[in-house]
file my_file_15.cif (mmCIF, C-alpha atoms and all ligand atoms)
data_input
#
loop_
_atom_site.label_atom_id
_atom_site.label_comp_id
_atom_site.auth_asym_id
_atom_site.auth_seq_id
_atom_site.Cartn_x
_atom_site.Cartn_y
_atom_site.Cartn_z
CA MET A 1390 -23.56 6.67 13.05
CA SER A 1391 -21.66 3.63 11.85
CA PRO A 1392 -17.92 3.47 12.54
CA LEU A 1393 -15.78 4.75 9.68
CA ILE A 1394 -13.14 2.04 9.97
CA ASP A 1395 -12.48 -1.35 11.56
CA THR A 1396 -9.54 -0.85 13.93
CA GLN A 1397 -9.20 -4.58 14.58
CA PHE A 1398 -8.14 -5.27 11.02
CA ASP A 1399 -4.64 -4.48 9.76
CA GLY A 1400 -4.64 -4.95 6.01
CA HIS A 1401 -1.04 -4.04 5.18
CA VAL A 1402 1.83 -5.96 6.74
CA HIS A 1403 5.24 -6.77 5.23
CA THR A 1404 7.92 -9.25 6.28
CA ARG A 1405 11.68 -9.71 5.83
CA LEU A 1406 10.92 -11.54 2.57
CA CYS A 1407 10.72 -8.21 0.68
CA ASN A 1408 14.39 -7.37 1.44
CA HIS A 1409 13.64 -4.07 3.17
CA ALA A 1410 11.63 -5.17 6.21
CA GLU A 1411 12.72 -7.05 9.31
CA GLY A 1412 11.18 -9.99 11.12
CA GLU A 1413 9.70 -13.36 10.24
CA MET A 1414 6.04 -13.71 9.29
CA GLU A 1415 5.41 -15.34 12.64
CA ASP A 1416 6.84 -12.33 14.50
CA TYR A 1417 4.21 -10.16 12.82
CA VAL A 1418 1.44 -12.59 13.72
CA ARG A 1419 2.49 -12.55 17.37
CA ALA A 1420 2.61 -8.75 17.34
CA ALA A 1421 -0.89 -8.61 15.85
CA ILE A 1422 -2.23 -10.94 18.54
CA GLU A 1423 -0.59 -8.81 21.23
CA ARG A 1424 -2.29 -5.74 19.75
CA GLY A 1425 -5.62 -7.50 20.03
CA LEU A 1426 -6.31 -7.50 16.29
CA ARG A 1427 -9.01 -9.80 15.02
CA THR A 1428 -7.64 -10.05 11.47
CA MET A 1429 -4.32 -9.28 9.82
CA CYS A 1430 -3.45 -9.39 6.17
CA PHE A 1431 0.08 -9.79 4.90
CA LEU A 1432 0.49 -7.65 1.81
CA GLU A 1433 3.84 -8.46 0.30
CA HIS A 1434 5.40 -6.53 -2.56
CA LEU A 1435 4.82 -7.96 -6.02
CA GLU A 1436 6.47 -6.07 -8.89
CA THR A 1437 6.74 -7.15 -12.50
CA GLU A 1438 9.39 -6.08 -15.02
CA ILE A 1439 10.74 -3.26 -12.90
CA ASN A 1440 14.27 -2.16 -13.71
CA TYR A 1441 15.49 -1.01 -10.30
CA GLN A 1442 18.16 -2.09 -7.83
CA PRO A 1443 18.26 -3.25 -5.11
CA SER A 1444 15.10 -5.29 -5.57
CA CYS A 1445 12.52 -4.47 -2.90
CA TRP A 1446 9.92 -7.11 -3.75
CA LEU A 1447 9.48 -10.90 -3.77
CA GLU A 1448 10.35 -13.09 -6.74
CA ASP A 1449 8.04 -16.01 -7.52
CA GLU A 1450 10.15 -18.55 -5.63
CA THR A 1451 9.96 -16.38 -2.51
CA PHE A 1452 6.20 -16.08 -2.96
CA VAL A 1453 6.04 -19.89 -2.86
CA GLU A 1454 7.75 -19.76 0.54
CA TYR A 1455 5.47 -16.90 1.63
CA PHE A 1456 2.23 -18.73 0.86
CA ALA A 1457 3.50 -21.98 2.39
CA GLU A 1458 4.53 -20.33 5.65
CA GLY A 1459 1.33 -18.28 5.59
CA ALA A 1460 -0.78 -21.43 5.33
CA ARG A 1461 1.06 -22.94 8.29
CA LEU A 1462 0.53 -19.81 10.39
CA LYS A 1463 -3.15 -19.56 9.46
CA GLU A 1464 -3.70 -23.01 10.86
CA HIS A 1465 -1.42 -22.71 13.86
CA TYR A 1466 -2.97 -19.45 15.08
CA GLN A 1467 -6.54 -20.02 13.91
CA ASP A 1468 -7.92 -19.82 17.43
CA GLN A 1469 -6.21 -16.49 18.09
CA ILE A 1470 -6.36 -14.48 14.90
CA GLU A 1471 -7.55 -14.63 11.32
CA ILE A 1472 -4.61 -14.39 8.94
CA ARG A 1473 -5.03 -13.44 5.30
CA LEU A 1474 -2.40 -13.63 2.56
CA GLY A 1475 -2.32 -10.82 0.05
CA VAL A 1476 -0.01 -8.91 -2.24
CA GLU A 1477 0.74 -5.24 -2.64
CA MET A 1478 0.69 -5.23 -6.41
CA GLY A 1479 2.82 -2.58 -7.98
CA PHE A 1480 1.11 -1.49 -11.17
CA ASN A 1481 3.36 -1.48 -14.21
CA PRO A 1482 1.35 -0.28 -17.23
CA LEU A 1483 3.82 -2.06 -19.55
CA ALA A 1484 3.43 -5.43 -17.81
CA VAL A 1485 -0.28 -5.83 -17.15
CA GLU A 1486 -0.65 -9.26 -18.76
CA ALA A 1487 2.58 -10.57 -17.26
CA THR A 1488 1.40 -9.44 -13.84
CA GLN A 1489 -2.03 -11.06 -14.22
CA ALA A 1490 -0.33 -14.30 -15.26
CA ARG A 1491 1.77 -14.28 -12.08
CA LEU A 1492 -1.22 -13.55 -9.85
CA GLN A 1493 -2.90 -16.72 -11.05
CA HIS A 1494 -0.14 -18.91 -9.61
CA PHE A 1495 -0.85 -18.03 -6.02
CA PRO A 1496 -3.76 -18.32 -3.56
CA ILE A 1497 -4.02 -14.56 -3.13
CA GLU A 1498 -6.78 -13.45 -0.77
CA ARG A 1499 -6.45 -9.71 -1.10
CA ILE A 1500 -4.82 -7.33 -3.57
CA GLY A 1501 -3.65 -3.90 -2.56
CA LEU A 1502 -2.80 -1.69 -5.48
CA SER A 1503 0.08 0.73 -5.54
CA CYS A 1504 2.54 2.26 -7.95
CA HIS A 1505 6.03 2.72 -6.61
CA PHE A 1506 7.95 3.40 -9.83
CA HIS A 1507 8.28 6.04 -12.51
CA LEU A 1508 9.76 4.95 -15.83
CA TYR A 1509 12.52 7.19 -17.09
CA GLU A 1510 14.90 6.42 -19.96
CA GLY A 1511 14.47 2.66 -19.69
CA ARG A 1512 14.88 2.39 -15.96
CA HIS A 1513 12.63 2.91 -12.98
CA LEU A 1514 12.85 5.60 -10.34
CA ASN A 1515 11.37 4.87 -6.93
CA LEU A 1516 8.64 7.42 -6.13
CA LEU A 1517 8.37 6.44 -2.48
CA SER A 1518 12.03 6.14 -1.60
CA ARG A 1519 14.11 8.68 0.24
CA ARG A 1520 17.20 7.62 -1.71
CA ARG A 1521 18.84 10.45 -3.61
CA GLN A 1522 19.47 8.26 -6.67
CA SER A 1523 15.74 8.50 -7.48
CA LEU A 1524 14.75 11.76 -5.81
CA ASP A 1525 17.28 13.97 -7.58
CA ILE A 1526 16.17 12.89 -11.04
CA LEU A 1527 12.47 13.08 -10.13
CA ALA A 1528 13.02 16.63 -8.88
CA GLU A 1529 14.72 17.51 -12.16
CA LEU A 1530 11.90 16.02 -14.20
CA GLY A 1531 9.49 18.35 -12.43
CA PRO A 1532 7.44 17.20 -9.45
CA ASP A 1533 4.17 18.53 -10.93
CA GLN A 1534 4.55 16.44 -14.06
CA VAL A 1535 5.66 13.36 -12.10
CA LEU A 1536 2.68 13.62 -9.73
CA SER A 1537 0.30 14.08 -12.64
CA THR A 1538 1.63 10.92 -14.30
CA TYR A 1539 1.41 9.09 -10.98
CA LEU A 1540 -2.27 9.97 -10.48
CA ASP A 1541 -3.14 9.06 -14.06
CA THR A 1542 -1.35 5.73 -13.68
CA LEU A 1543 -3.24 4.94 -10.48
CA THR A 1544 -6.53 5.73 -12.20
CA VAL A 1545 -5.72 3.37 -15.07
CA ALA A 1546 -4.57 0.77 -12.53
CA VAL A 1547 -7.80 0.87 -10.53
CA ALA A 1548 -9.83 0.64 -13.73
CA THR A 1549 -7.72 -2.26 -15.06
CA VAL A 1550 -6.91 -4.48 -12.08
CA ASN A 1551 -9.55 -6.18 -9.99
CA CYS A 1552 -8.15 -5.14 -6.63
CA ASP A 1553 -9.52 -4.84 -3.10
CA VAL A 1554 -7.92 -1.69 -1.84
CA LEU A 1555 -5.99 1.28 -3.17
CA CYS A 1556 -2.82 2.00 -1.19
CA HIS A 1557 -0.55 5.06 -1.13
CA LEU A 1558 -2.89 7.41 -3.00
CA ASP A 1559 -0.83 10.48 -2.18
CA ALA A 1560 2.50 9.04 -1.07
CA ALA A 1561 4.47 9.71 -4.26
CA LEU A 1562 7.40 12.06 -3.75
CA ARG A 1563 6.68 12.10 -0.01
CA HIS A 1564 10.37 12.62 0.66
CA LEU A 1565 10.69 15.63 -1.63
CA PRO A 1566 10.53 18.78 0.53
CA GLY A 1567 7.66 21.18 -0.12
CA ILE A 1568 5.69 18.80 -2.31
CA SER A 1569 2.02 19.73 -2.81
CA PHE A 1570 -0.90 19.14 -5.15
CA ASN A 1571 -1.93 21.85 -7.60
CA ALA A 1572 -5.48 22.50 -8.85
CA GLU A 1573 -5.08 20.08 -11.72
CA HIS A 1574 -3.87 17.28 -9.43
CA LYS A 1575 -6.93 17.82 -7.26
CA ILE A 1576 -9.19 17.32 -10.26
CA GLN A 1577 -7.24 14.15 -11.09
CA ILE A 1578 -7.72 12.89 -7.53
CA GLY A 1579 -11.47 13.44 -7.84
CA HIS A 1580 -11.45 11.40 -11.02
CA LEU A 1581 -9.35 8.70 -9.36
CA LEU A 1582 -11.80 8.47 -6.45
CA ASP A 1583 -14.72 8.26 -8.88
CA THR A 1584 -12.99 5.26 -10.45
CA VAL A 1585 -12.33 3.71 -7.03
CA LYS A 1586 -16.04 4.03 -6.31
CA THR A 1587 -17.14 2.58 -9.66
CA GLN A 1588 -14.78 -0.39 -9.24
CA GLU A 1589 -16.00 -1.00 -5.66
CA THR A 1590 -12.47 -0.72 -4.35
CA ALA A 1591 -11.70 0.36 -0.78
CA LEU A 1592 -9.34 3.17 0.14
CA GLU A 1593 -6.50 2.44 2.52
CA ILE A 1594 -5.89 4.68 5.49
CA ASN A 1595 -2.18 4.12 5.86
CA THR A 1596 -1.04 4.88 9.39
CA SER A 1597 2.66 4.94 8.50
CA GLY A 1598 1.89 8.57 7.66
CA PHE A 1599 1.64 9.40 11.37
CA ASP A 1600 5.35 8.58 11.61
CA TYR A 1601 6.33 10.29 8.35
CA ARG A 1602 4.35 13.50 8.68
CA GLY A 1603 2.05 13.41 11.70
CA SER A 1604 -1.10 12.45 9.80
CA ALA A 1605 -2.27 9.36 7.98
CA PHE A 1606 -2.03 8.83 4.21
CA PRO A 1607 -3.92 10.07 2.28
CA ALA A 1608 -4.41 13.70 3.31
CA PRO A 1609 -7.52 14.55 5.35
CA TRP A 1610 -9.30 16.35 2.48
CA ILE A 1611 -8.88 13.26 0.27
CA ILE A 1612 -10.44 11.10 2.97
CA THR A 1613 -13.42 13.47 3.09
CA GLU A 1614 -13.74 13.27 -0.71
CA ALA A 1615 -13.71 9.46 -0.44
CA LEU A 1616 -16.38 9.50 2.27
CA LYS A 1617 -18.55 11.79 0.13
CA ARG A 1618 -18.51 8.99 -2.44
CA ASP A 1619 -19.24 6.31 0.17
CA ILE A 1620 -15.93 4.59 -0.47
CA PRO A 1621 -15.13 2.13 2.34
CA LEU A 1622 -11.96 2.82 4.34
CA GLN A 1623 -9.57 0.08 5.45
CA ALA A 1624 -6.72 0.52 7.90
CA GLY A 1625 -3.17 -0.51 7.04
CA SER A 1626 -0.08 -0.05 9.16
CA ASP A 1627 2.37 -0.75 6.31
CA ALA A 1628 4.47 -2.40 9.01
CA HIS A 1629 8.04 -3.20 7.99
CA ARG A 1630 8.91 -4.10 11.61
CA PRO A 1631 6.80 -6.36 13.84
CA GLN A 1632 6.33 -3.61 16.44
CA ASP A 1633 4.58 -1.43 13.84
CA VAL A 1634 1.63 -3.78 13.29
CA GLY A 1635 -1.57 -1.88 14.04
CA ARG A 1636 0.32 1.36 14.68
CA TYR A 1637 -1.92 4.29 15.71
CA PHE A 1638 -5.09 2.29 15.06
CA GLN A 1639 -6.44 3.27 18.47
CA ASP A 1640 -6.31 6.92 17.33
CA LEU A 1641 -8.15 6.39 14.04
CA PRO A 1642 -11.77 6.79 15.17
CA ASP A 1643 -11.07 10.23 16.69
CA TYR A 1644 -8.87 11.18 13.77
CA LEU A 1645 -11.44 10.25 11.12
CA GLU A 1646 -14.63 11.48 12.78
CA PRO A 1647 -14.11 15.20 11.95
CA LEU A 1648 -13.49 14.21 8.31
CA ARG A 1649 -17.03 12.97 7.82
CA PRO A 1650 -18.66 15.10 5.14
CA ALA A 1651 -21.35 17.42 6.45
ZN ZN B 1701 7.82 -1.91 1.53
ZN ZN B 1702 3.50 -1.54 1.68
#

call {"tool": "encode", "arguments": {"input": "my_file_15.cif", "output": "structure tokens"}}
result
Amino acid sequence: MSPLIDTQFDGHVHTRLCNHAEGEMEDYVRAAIERGLRTMCFLEHLETEINYQPSCWLEDETFVEYFAEGARLKEHYQDQIEIRLGVEMGFNPLAVEATQARLQHFPIERIGLSCHFHLYEGRHLNLLSRRRQSLDILAELGPDQVLSTYLDTLTVAVATVNCDVLCHLDAALRHLPGISFNAEHKIQIGHLLDTVKTQETALEINTSGFDYRGSAFPAPWIITEALKRDIPLQAGSDAHRPQDVGRYFQDLPDYLEPLRPA
């Protein structure tokens, strides 16, 4: 049987440029080489028209710096590792055209799609944050409704944006205790995966989940549903510190094998 995932490719690496990670781009490259990776892809946060503070993404002028330094590193380390420069594009349904316009300015080699924010009364709440300023209001709005909106938004995003990989499928509200999907959410996830398949997008297996909850994102049953549809899986460490590049990748083959559909 063919391997389910390439463990020598880390497709999701951040840098200090996003304001909530530590380490220079070069520190991450060195860490990836030490891990024995063949390819690494930086996937820096790109958000458009998001009303949230503090900003946890790169503005265009920082992206200029990012792509310039990335080009230097690609060349400098070309004999040791393949480096790719991508963005983790936060989908904002109210800023689709503005986002597309920004994407065209940069030599982007890979787009990971995510949706970190929930619009509420003219401002954005962070669905993936553990900060109380967002979580308390999201809890009040009703987690079921928030999750339902999240899954619908991701489905529209995958259908709208020409992206390479879907990130964070089930990471919304991950810091809200006791969060779970109801029957309706599960139907929505099936529909989302159908769209991922139609659009020929890959699904990210995000190994930051091993640190958050002892298993990768998304949940095992979602991975099985993706495999039933023949959706390719791509590993991402979501490293926000150099030492997290390629985290738990050595465990992925054994972790994924039992999830193969019968
Ligand atoms: Zn981040
Ligand atoms: Zn990320």

call {"tool": "residues_near_ligand", "arguments": {"input": "my_file_15.cif", "ligand": "ligand ZN 1701 (chain B)", "cutoff": "10 Å", "atoms": "all atoms listed in the file", "output": "JSON, numbers by chain"}}
result
{"A": [1401, 1402, 1403, 1404, 1405, 1407, 1408, 1409, 1410, 1432, 1433, 1434, 1445, 1446, 1477, 1505, 1517, 1518, 1627, 1628, 1629]}

call {"tool": "atom_distance", "arguments": {"input": "my_file_15.cif", "atom1": "atom CA of Ala1561 of chain A", "atom2": "atom CA of Glu1486 of chain A"}}
result
24.4 Å

call {"tool": "atom_distance", "arguments": {"input": "my_file_15.cif", "atom1": "atom CA of Asn1571 of chain A", "atom2": "atom CA of Ser1523 of chain A"}}
result
22.1 Å

call {"tool": "atom_distance", "arguments": {"input": "my_file_15.cif", "atom1": "atom CA of His1513 of chain A", "atom2": "atom CA of Ser1604 of chain A"}}
result
28.3 Å

call {"tool": "residues_around", "arguments": {"input": "my_file_15.cif", "residues": "Ile1472 of chain A", "least_positions_apart": "2", "cutoff": "6 Å", "atoms": "only C-alpha atoms", "output": "short mmCIF file (atom, residue, chain, number, x, y, z; two decimals) with C-alpha atoms, in the coordinates of the input"}}
result
data_model
loop_
_atom_site.label_atom_id
_atom_site.label_comp_id
_atom_site.auth_asym_id
_atom_site.auth_seq_id
_atom_site.Cartn_x
_atom_site.Cartn_y
_atom_site.Cartn_z
CA THR A 1428 -7.64 -10.05 11.47
CA MET A 1429 -4.32 -9.28 9.82
CA CYS A 1430 -3.45 -9.39 6.17
CA LYS A 1463 -3.15 -19.56 9.46
#

call {"tool": "residues_around", "arguments": {"input": "my_file_15.cif", "residues": "segment 1540-1548 of chain A", "least_positions_apart": "4", "cutoff": "10 Å", "atoms": "only C-alpha atoms", "output": "PyMOL selection string"}}
result
chain A and resi 1479-1482+1485+1502-1504+1507+1535-1536+1552-1559+1561+1574-1575+1577-1578+1580-1590

call {"tool": "residues_around", "arguments": {"input": "my_file_15.cif", "residues": "Met1478 of chain A", "least_positions_apart": "2", "cutoff": "6 Å", "atoms": "all atoms listed in the file", "output": "list in words"}}
result
Leu1435, Val1476, Gly1501 and Leu1502 of chain A

call {"tool": "closest_residue", "arguments": {"input": "my_file_15.cif", "among": "A:Gly1400, A:Ile1394, A:Glu1614, A:Ala1484", "to": "ligand ZN 1702 (chain B)", "atoms": "only C-alpha atoms and all ligand atoms"}}
result
A:Gly1400

call {"tool": "closest_residue", "arguments": {"input": "my_file_15.cif", "among": "A:Ile1611, A:Met1390, A:Ile1526, A:Val1418", "to": "Tyr1466 of chain A", "atoms": "all atoms listed in the file"}}
result
A:Val1418

call {"tool": "residues_around", "arguments": {"input": "my_file_15.cif", "residues": "Val1453 of chain A", "least_positions_apart": "2", "cutoff": "12 Å", "atoms": "all atoms listed in the file", "output": "PyMOL selection string"}}
result
chain A and resi 1406+1447-1451+1455-1460+1474+1491-1492+1494-1497

call {"tool": "residues_around", "arguments": {"input": "my_file_15.cif", "residues": "Arg1512 of chain A", "least_positions_apart": "5", "cutoff": "9 Å", "atoms": "only C-alpha atoms", "output": "JSON, numbers by chain"}}
result
{"A": [1439, 1440, 1441, 1507]}

call {"tool": "closest_residue", "arguments": {"input": "my_file_15.cif", "among": "A:Pro1621, A:Pro1650, A:Gln1534, A:Phe1452", "to": "Ile1594 of chain A", "atoms": "all atoms listed in the file"}}
result
A:Pro1621

call {"tool": "closest_residue", "arguments": {"input": "my_file_15.cif", "among": "A:Val1634, A:Ile1422, A:Asp1468, A:Glu1454", "to": "ligand ZN 1702 (chain B)", "atoms": "all atoms listed in the file"}}
result
A:Val1634

call {"tool": "closest_residue", "arguments": {"input": "my_file_15.cif", "among": "A:Ala1572, A:Val1550, A:Ala1487, A:Leu1530", "to": "Glu1510 of chain A", "atoms": "all atoms listed in the file"}}
result
A:Leu1530

call {"tool": "closest_residue", "arguments": {"input": "my_file_15.cif", "among": "A:Gly1425, A:Gly1579, A:Gly1475, A:Gly1531", "to": "ligand ZN 1702 (chain B)", "atoms": "only C-alpha atoms and all ligand atoms"}}
result
A:Gly1475

call {"tool": "residues_near_point", "arguments": {"input": "my_file_15.cif", "point": "(-13.6, 13.4, 13.6)", "cutoff": "12 Å", "atoms": "all atoms listed in the file", "output": "list of chain:residue names"}}
result
A:Pro1392, A:Leu1393, A:Ile1394, A:Pro1609, A:Ile1612, A:Thr1613, A:Asp1640, A:Leu1641, A:Pro1642, A:Asp1643, A:Tyr1644, A:Leu1645, A:Glu1646, A:Pro1647, A:Leu1648, A:Arg1649, A:Pro1650, A:Ala1651

call {"tool": "residues_near_point", "arguments": {"input": "my_file_15.cif", "point": "(-4.3, -7.2, 18.4)", "cutoff": "10 Å", "atoms": "only C-alpha atoms", "output": "list in words"}}
result
Thr1396, Gln1397, Phe1398, Asp1399, Val1418, Arg1419, Ala1420, Ala1421, Ile1422, Glu1423, Arg1424, Gly1425, Leu1426, Arg1427, Thr1428, Met1429, Gln1469, Ile1470, Val1634 and Gly1635 of chain A

call {"tool": "axis_aligned_box", "arguments": {"input": "my_file_15.cif", "around": "segment 1567-1570 of chain A", "padding_each_side": "6 Å", "output": "AutoDock Vina command-line options"}}
result
--center_x 3.4 --center_y 20.0 --center_z -2.6 --size_x 20.6 --size_y 14.4 --size_z 17.0
